[in-house]
Structures are given as structure tokens and as C-alpha cells.
$ cat model-v9.cif   # mmCIF, C-alpha atoms
data_input
#
loop_
_atom_site.label_atom_id
_atom_site.label_comp_id
_atom_site.auth_asym_id
_atom_site.auth_seq_id
_atom_site.Cartn_x
_atom_site.Cartn_y
_atom_site.Cartn_z
CA MET A 26 -37.26 -43.70 7.53
CA LYS A 27 -34.32 -41.86 9.02
CA GLN A 28 -31.53 -44.18 10.12
CA GLU A 29 -30.76 -42.22 13.26
CA ILE A 30 -34.34 -42.57 14.48
CA PHE A 31 -34.31 -46.28 13.60
CA PHE A 32 -30.98 -46.79 15.44
CA LYS A 33 -32.39 -45.05 18.49
CA ALA A 34 -35.49 -47.27 18.41
CA ILE A 35 -33.26 -50.36 18.19
CA THR A 36 -31.04 -49.35 21.12
CA GLU A 37 -34.11 -48.49 23.22
CA SER A 38 -35.64 -51.87 22.41
CA VAL A 39 -32.41 -53.69 23.33
CA ARG A 40 -32.16 -51.75 26.61
CA LYS A 41 -35.65 -52.96 27.53
CA GLY A 42 -34.38 -56.52 27.22
CA ILE A 43 -34.06 -59.17 24.57
CA PRO A 44 -37.17 -61.34 24.24
CA ILE A 45 -36.92 -65.02 25.17
CA GLY A 46 -36.13 -67.05 22.06
CA PHE A 47 -34.67 -64.08 20.17
CA THR A 48 -32.68 -65.37 17.17
CA GLY A 49 -30.81 -62.21 16.23
CA LEU A 50 -31.64 -59.68 13.59
CA GLY A 51 -30.13 -58.19 10.43
CA VAL A 52 -31.41 -54.98 8.81
CA ILE A 53 -30.14 -53.57 5.50
CA PHE A 54 -30.65 -49.82 5.04
CA ILE A 55 -30.76 -48.68 1.44
CA SER A 56 -30.82 -45.24 -0.09
CA ASP A 57 -32.72 -46.09 -3.23
CA ASN A 58 -32.78 -49.02 -5.64
CA LEU A 59 -33.79 -52.32 -4.10
CA GLU A 60 -33.26 -54.11 -7.43
CA THR A 61 -29.45 -54.00 -7.24
CA LEU A 62 -29.27 -55.91 -3.95
CA PRO A 63 -28.25 -59.58 -4.13
CA ILE A 64 -31.32 -60.77 -2.20
CA SER A 65 -33.78 -63.58 -2.60
CA PRO A 66 -36.87 -64.26 -0.44
CA LEU A 67 -36.60 -67.11 2.05
CA LEU A 68 -40.39 -67.46 2.16
CA ASN A 69 -42.84 -67.89 -0.67
CA GLU A 70 -44.97 -65.06 0.72
CA ASP A 71 -44.07 -61.65 -0.62
CA PHE A 72 -46.89 -59.62 0.90
CA LEU A 73 -45.76 -56.99 3.38
CA ASN A 74 -48.08 -54.23 4.50
CA THR A 75 -46.30 -51.85 6.85
CA GLY A 76 -48.26 -48.79 5.80
CA GLU A 77 -47.12 -45.70 7.61
CA LEU A 78 -45.42 -47.43 10.54
CA ASP A 79 -42.94 -45.31 12.45
CA ALA A 80 -39.44 -46.53 13.38
CA THR A 81 -40.50 -47.84 16.79
CA ALA A 82 -43.37 -49.86 15.32
CA VAL A 83 -41.09 -51.36 12.64
CA VAL A 84 -38.44 -52.26 15.24
CA ASP A 85 -41.09 -53.81 17.48
CA PHE A 86 -42.38 -55.83 14.53
CA LEU A 87 -38.88 -57.05 13.56
CA PHE A 88 -38.09 -58.05 17.15
CA SER A 89 -41.43 -59.88 17.38
CA ILE A 90 -40.69 -62.04 14.32
CA SER A 91 -37.06 -62.72 15.32
CA ASN A 92 -38.02 -65.84 17.24
CA LEU A 93 -37.66 -69.51 16.31
CA LYS A 94 -41.42 -69.90 16.64
CA ASP A 95 -41.93 -67.44 13.75
CA LYS A 96 -41.06 -68.64 10.24
CA ARG A 97 -40.01 -65.06 9.31
CA HIS A 98 -37.12 -64.97 11.80
CA ASP A 99 -34.33 -65.82 9.38
CA GLY A 100 -32.43 -63.68 6.89
CA PHE A 101 -32.12 -59.94 6.51
CA HIS A 102 -34.86 -57.32 6.41
CA VAL A 103 -34.64 -54.32 4.05
CA VAL A 104 -35.50 -50.75 5.04
CA SER A 105 -35.53 -47.77 2.68
CA GLN A 106 -34.84 -44.26 3.90
CA ASP A 107 -37.82 -43.03 1.89
CA LEU A 108 -40.25 -45.95 1.94
CA GLY A 109 -39.71 -47.70 5.29
CA LEU A 110 -39.72 -51.47 5.66
CA LEU A 111 -39.69 -53.04 2.18
CA LYS A 112 -38.79 -56.70 2.56
CA ILE A 113 -38.46 -59.26 5.33
CA SER A 114 -36.70 -62.61 5.54
CA GLN A 115 -34.32 -62.18 2.63
CA TYR A 116 -31.34 -64.34 1.78
CA PHE A 117 -28.55 -61.79 1.31
CA SER A 118 -25.51 -62.91 -0.66
CA PRO A 119 -23.08 -60.07 -1.37
CA LYS A 120 -20.04 -60.72 -3.51
CA ILE A 121 -16.73 -61.19 -1.75
CA PRO A 122 -14.67 -58.20 -2.86
CA LYS A 123 -11.32 -59.01 -4.47
CA GLY A 124 -8.39 -57.57 -2.60
CA PHE A 125 -10.47 -56.49 0.40
CA ASN A 126 -8.14 -56.48 3.40
CA GLY A 127 -10.53 -55.70 6.23
CA THR A 128 -12.37 -59.02 6.47
CA ILE A 129 -13.54 -59.78 10.01
CA PHE A 130 -13.04 -63.25 11.44
CA ASN A 131 -14.54 -65.34 14.24
CA VAL A 132 -18.05 -64.11 13.50
CA GLY A 133 -21.15 -65.68 12.01
CA ALA A 134 -22.38 -65.45 8.44
CA ARG A 135 -24.75 -62.58 9.22
CA TYR A 136 -21.82 -60.38 10.29
CA ARG A 137 -19.70 -61.29 7.26
CA SER A 138 -22.65 -60.66 4.92
CA ALA A 139 -23.22 -57.32 6.62
CA GLN A 140 -19.59 -56.35 6.18
CA TYR A 141 -19.42 -57.17 2.48
CA GLY A 142 -22.96 -55.96 1.82
CA SER A 143 -22.18 -52.56 3.32
CA LEU A 144 -19.80 -51.98 0.40
CA TYR A 145 -22.70 -51.82 -2.08
CA GLU A 146 -23.35 -48.33 -3.41
CA ASN A 147 -27.03 -48.16 -2.46
CA VAL A 148 -26.49 -49.65 1.03
CA THR A 149 -26.04 -46.94 3.61
CA SER A 150 -25.53 -49.32 6.55
CA ILE A 151 -26.42 -52.73 7.91
CA ILE A 152 -27.41 -53.38 11.52
CA VAL A 153 -26.80 -56.77 13.11
CA ILE A 154 -28.16 -57.66 16.53
CA SER A 155 -26.81 -60.82 18.13
CA GLN A 156 -28.92 -63.29 20.09
CA LYS A 157 -27.46 -61.72 23.26
CA GLY A 158 -28.47 -58.21 22.18
CA ASP A 159 -25.12 -56.84 21.01
CA VAL A 160 -25.77 -54.25 18.30
CA SER A 161 -23.24 -53.79 15.51
CA ILE A 162 -23.31 -51.57 12.45
CA ALA A 163 -21.53 -52.13 9.14
CA ARG A 164 -20.69 -49.16 6.94
CA ASN A 165 -18.30 -49.11 4.01
CA GLY A 166 -16.89 -52.51 4.93
CA ILE A 167 -16.23 -51.69 8.58
CA VAL A 168 -18.23 -53.39 11.34
CA GLU A 169 -18.42 -51.63 14.70
CA LEU A 170 -20.07 -52.69 17.94
CA ILE A 171 -22.31 -49.79 18.94
CA ALA A 172 -24.24 -51.14 21.93
CA THR A 173 -24.16 -54.11 24.32
#

$ encode --input "model-v9.cif" --output "C-alpha cells"
Amino acid sequence: MKQEIFFKAITESVRKGIPIGFTGLGVIFISDNLETLPISPLLNEDFLNTGELDATAVVDFLFSISNLKDKRHDGFHVVSQDLGLLKISQYFSPKIPKGFNGTIFNVGARYRSAQYGSLYENVTSIIVISQKGDVSIARNGIVELIAT
């Protein structure tokens, strides 16, 4: 799934309006190996059948589960460039890099995890959407606000 198409689907979804009860959203984009990510499932269900969903359908699905009423709302979701949506509701615990000078402050854990996690070799970017609908992207340890 091409990141640019996914980003466009996210910004279009945010422009339509954030759903009531939206809890925020974190999406990890990987280039290849899922096995090197420091993730662990938050739910005991590992079944995920996304088939051949396009970017808009995946974004709609992720927004629909990002609600306190849905047990899948927490954690990060993993998307592969080649395989699409791979995992949902993952605890993501990247290592804190020694000597890293760009640490962001006054943000929540999802943003800090996105920043450090974006330093992993197989992570191409991480999208974080706040409860208010602010969209940020983390790449190579830098977090930028891309849409409000």
C-alpha cells in the first residue's frame, strides 16, 4: 500500500470530521520485515482479514475502531507497503536511542513512541492522529504536524 495514497486517505477522512468518541490513532508503516518491530498484541485475537482492501477502506476501518466502545482502539496498527494492513492494536515499545538529541517534549506516549520508532530501519514512517484530528508524521526521528 503506497504511503502517499494512505496519507491522502487519512487527510480526506480527517477533513470530513473526526467521529464522536475518537480516541486517536497510530499507524506504523514498514518496508519489509515485521519481525524486527518491538510490538506485542494488546488483544488475544490475532485474526485479521483485510483481503485486498484499498487505502480508503483501511483508513475507514481504522477510524471505525478508534473509539472507546471498540476494544481494538488502543495501540498502534501496522501497515506494509507491499501487504497492506498487517496488525492492529499493538503495544509498540521502541528503544530509547542513546545520545539522541531531538526528543520531543510535552506530548503523549504515542508521539514519543512514534518518534523513536521511526528510527528503526524497516519503519518508513509513523502517522499519529490526535483525538482532535491533528495529523503528525514521524520519519527518521523527526515528528512534523502535517494537517490540522

$ residues_near_point --input "model-v9.cif" --point "(-28.7, -59.3, 18.4)" --cutoff "10 Å" --atoms "all atoms listed in the file" --output "ChimeraX atom specification"
/A:39,43,47-51,88,91,152-161,172-173

$ write_last_selection --input "model-v9.cif" --atoms "C-alpha atoms" --output "JSON list (two decimals), keeping the file's coordinate frame"
[["chain", "number", "residue", "atom", "x", "y", "z"],
["A", 39, "VAL", "CA", -32.41, -53.69, 23.33],
["A", 43, "ILE", "CA", -34.06, -59.17, 24.57],
["A", 47, "PHE", "CA", -34.67, -64.08, 20.17],
["A", 48, "THR", "CA", -32.68, -65.37, 17.17],
["A", 49, "GLY", "CA", -30.81, -62.21, 16.23],
["A", 50, "LEU", "CA", -31.64, -59.68, 13.59],
["A", 51, "GLY", "CA", -30.13, -58.19, 10.43],
["A", 88, "PHE", "CA", -38.09, -58.05, 17.15],
["A", 91, "SER", "CA", -37.06, -62.72, 15.32],
["A", 152, "ILE", "CA", -27.41, -53.38, 11.52],
["A", 153, "VAL", "CA", -26.80, -56.77, 13.11],
["A", 154, "ILE", "CA", -28.16, -57.66, 16.53],
["A", 155, "SER", "CA", -26.81, -60.82, 18.13],
["A", 156, "GLN", "CA", -28.92, -63.29, 20.09],
["A", 157, "LYS", "CA", -27.46, -61.72, 23.26],
["A", 158, "GLY", "CA", -28.47, -58.21, 22.18],
["A", 159, "ASP", "CA", -25.12, -56.84, 21.01],
["A", 160, "VAL", "CA", -25.77, -54.25, 18.30],
["A", 161, "SER", "CA", -23.24, -53.79, 15.51],
["A", 172, "ALA", "CA", -24.24, -51.14, 21.93],
["A", 173, "THR", "CA", -24.16, -54.11, 24.32]]

$ residues_near_point --input "model-v9.cif" --point "(-12.1, -53.7, 6.9)" --cutoff "12 Å" --atoms "only C-alpha atoms" --output "number ranges by chain"
A: 122, 124-130, 137, 139-141, 143-144, 163-169

$ closest_residue --input "model-v9.cif" --among "A:Ile121, A:Ile113, A:Ile30, A:Asp99" --to "Tyr145 of chain A" --atoms "all atoms listed in the file"
A:Ile121

$ closest_residue --input "model-v9.cif" --among "A:Phe101, A:Leu111, A:Ile45, A:Ser150" --to "Glu29 of chain A" --atoms "all atoms listed in the file"
A:Ser150

$ resolve_selection --input "model-v9.cif" --expression "the PyMOL selection byres ((chain A and resi 97) around 10)" --output "ChimeraX atom specification"
/A:67-68,70,87,89-96,98-102,113-115

$ closest_residue --input "model-v9.cif" --among "A:Asp107, A:Glu146, A:Asp85, A:Asp57" --to "Thr36 of chain A" --atoms "all atoms listed in the file"
A:Asp85

$ build_atoms --input "model-v9.cif" --residues "segment 140-169 of chain A" --atoms "N, CA and C atoms" --output "JSON list (two decimals), keeping the file's coordinate frame"
[["chain", "number", "residue", "atom", "x", "y", "z"],
["A", 140, "GLN", "N", -20.82, -57.05, 6.52],
["A", 140, "GLN", "CA", -19.59, -56.35, 6.18],
["A", 140, "GLN", "C", -19.46, -56.17, 4.66],
["A", 141, "TYR", "N", -19.56, -57.26, 3.93],
["A", 141, "TYR", "CA", -19.42, -57.17, 2.48],
["A", 141, "TYR", "C", -20.59, -56.42, 1.85],
["A", 142, "GLY", "N", -21.79, -56.64, 2.36],
["A", 142, "GLY", "CA", -22.96, -55.96, 1.82],
["A", 142, "GLY", "C", -22.93, -54.46, 2.01],
["A", 143, "SER", "N", -22.25, -54.01, 3.06],
["A", 143, "SER", "CA", -22.18, -52.56, 3.32],
["A", 143, "SER", "C", -21.31, -51.84, 2.30],
["A", 144, "LEU", "N", -20.62, -52.59, 1.46],
["A", 144, "LEU", "CA", -19.80, -51.98, 0.40],
["A", 144, "LEU", "C", -20.62, -51.63, -0.84],
["A", 145, "TYR", "N", -21.86, -52.12, -0.92],
["A", 145, "TYR", "CA", -22.70, -51.82, -2.08],
["A", 145, "TYR", "C", -23.09, -50.34, -2.07],
["A", 146, "GLU", "N", -23.12, -49.77, -3.26],
["A", 146, "GLU", "CA", -23.35, -48.33, -3.41],
["A", 146, "GLU", "C", -24.66, -47.85, -2.79],
["A", 147, "ASN", "N", -25.73, -48.61, -2.96],
["A", 147, "ASN", "CA", -27.03, -48.16, -2.46],
["A", 147, "ASN", "C", -27.29, -48.57, -1.00],
["A", 148, "VAL", "N", -26.35, -49.27, -0.37],
["A", 148, "VAL", "CA", -26.49, -49.65, 1.03],
["A", 148, "VAL", "C", -25.83, -48.59, 1.89],
["A", 149, "THR", "N", -26.61, -47.98, 2.75],
["A", 149, "THR", "CA", -26.04, -46.94, 3.61],
["A", 149, "THR", "C", -25.46, -47.53, 4.89],
["A", 150, "SER", "N", -26.06, -48.62, 5.37],
["A", 150, "SER", "CA", -25.53, -49.32, 6.55],
["A", 150, "SER", "C", -26.32, -50.62, 6.73],
["A", 151, "ILE", "N", -25.75, -51.49, 7.56],
["A", 151, "ILE", "CA", -26.42, -52.73, 7.91],
["A", 151, "ILE", "C", -26.27, -52.92, 9.41],
["A", 152, "ILE", "N", -27.39, -53.14, 10.07],
["A", 152, "ILE", "CA", -27.41, -53.38, 11.52],
["A", 152, "ILE", "C", -27.51, -54.88, 11.76],
["A", 153, "VAL", "N", -26.71, -55.38, 12.68],
["A", 153, "VAL", "CA", -26.80, -56.77, 13.11],
["A", 153, "VAL", "C", -26.95, -56.77, 14.63],
["A", 154, "ILE", "N", -27.95, -57.50, 15.10],
["A", 154, "ILE", "CA", -28.16, -57.66, 16.53],
["A", 154, "ILE", "C", -27.99, -59.14, 16.85],
["A", 155, "SER", "N", -27.08, -59.43, 17.76],
["A", 155, "SER", "CA", -26.81, -60.82, 18.13],
["A", 155, "SER", "C", -27.94, -61.36, 19.01],
["A", 156, "GLN", "N", -27.92, -62.67, 19.21],
["A", 156, "GLN", "CA", -28.92, -63.29, 20.09],
["A", 156, "GLN", "C", -28.83, -62.74, 21.50],
["A", 157, "LYS", "N", -27.65, -62.28, 21.91],
["A", 157, "LYS", "CA", -27.46, -61.72, 23.26],
["A", 157, "LYS", "C", -27.88, -60.26, 23.34],
["A", 158, "GLY", "N", -28.07, -59.61, 22.18],
["A", 158, "GLY", "CA", -28.47, -58.21, 22.18],
["A", 158, "GLY", "C", -27.35, -57.24, 21.85],
["A", 159, "ASP", "N", -26.19, -57.74, 21.45],
["A", 159, "ASP", "CA", -25.12, -56.84, 21.01],
["A", 159, "ASP", "C", -25.51, -56.25, 19.66],
["A", 160, "VAL", "N", -25.39, -54.94, 19.53],
["A", 160, "VAL", "CA", -25.77, -54.25, 18.30],
["A", 160, "VAL", "C", -24.52, -53.78, 17.58],
["A", 161, "SER", "N", -24.37, -54.21, 16.34],
["A", 161, "SER", "CA", -23.24, -53.79, 15.51],
["A", 161, "SER", "C", -23.77, -53.11, 14.25],
["A", 162, "ILE", "N", -22.95, -52.24, 13.70],
["A", 162, "ILE", "CA", -23.31, -51.57, 12.45],
["A", 162, "ILE", "C", -22.16, -51.73, 11.46],
["A", 163, "ALA", "N", -22.51, -52.02, 10.23],
["A", 163, "ALA", "CA", -21.53, -52.13, 9.14],
["A", 163, "ALA", "C", -21.75, -50.98, 8.18],
["A", 164, "ARG", "N", -20.67, -50.26, 7.91],
["A", 164, "ARG", "CA", -20.69, -49.16, 6.94],
["A", 164, "ARG", "C", -19.38, -49.20, 6.17],
["A", 165, "ASN", "N", -19.50, -49.15, 4.86],
["A", 165, "ASN", "CA", -18.30, -49.11, 4.01],
["A", 165, "ASN", "C", -17.30, -50.19, 4.35],
["A", 166, "GLY", "N", -17.76, -51.37, 4.66],
["A", 166, "GLY", "CA", -16.89, -52.51, 4.93],
["A", 166, "GLY", "C", -16.31, -52.58, 6.32],
["A", 167, "ILE", "N", -16.72, -51.69, 7.20],
["A", 167, "ILE", "CA", -16.23, -51.69, 8.58],
["A", 167, "ILE", "C", -17.39, -52.01, 9.51],
["A", 168, "VAL", "N", -17.19, -52.99, 10.37],
["A", 168, "VAL", "CA", -18.23, -53.39, 11.34],
["A", 168, "VAL", "C", -17.80, -52.90, 12.72],
["A", 169, "GLU", "N", -18.70, -52.16, 13.36],
["A", 169, "GLU", "CA", -18.42, -51.63, 14.70],
["A", 169, "GLU", "C", -19.52, -52.05, 15.68]]
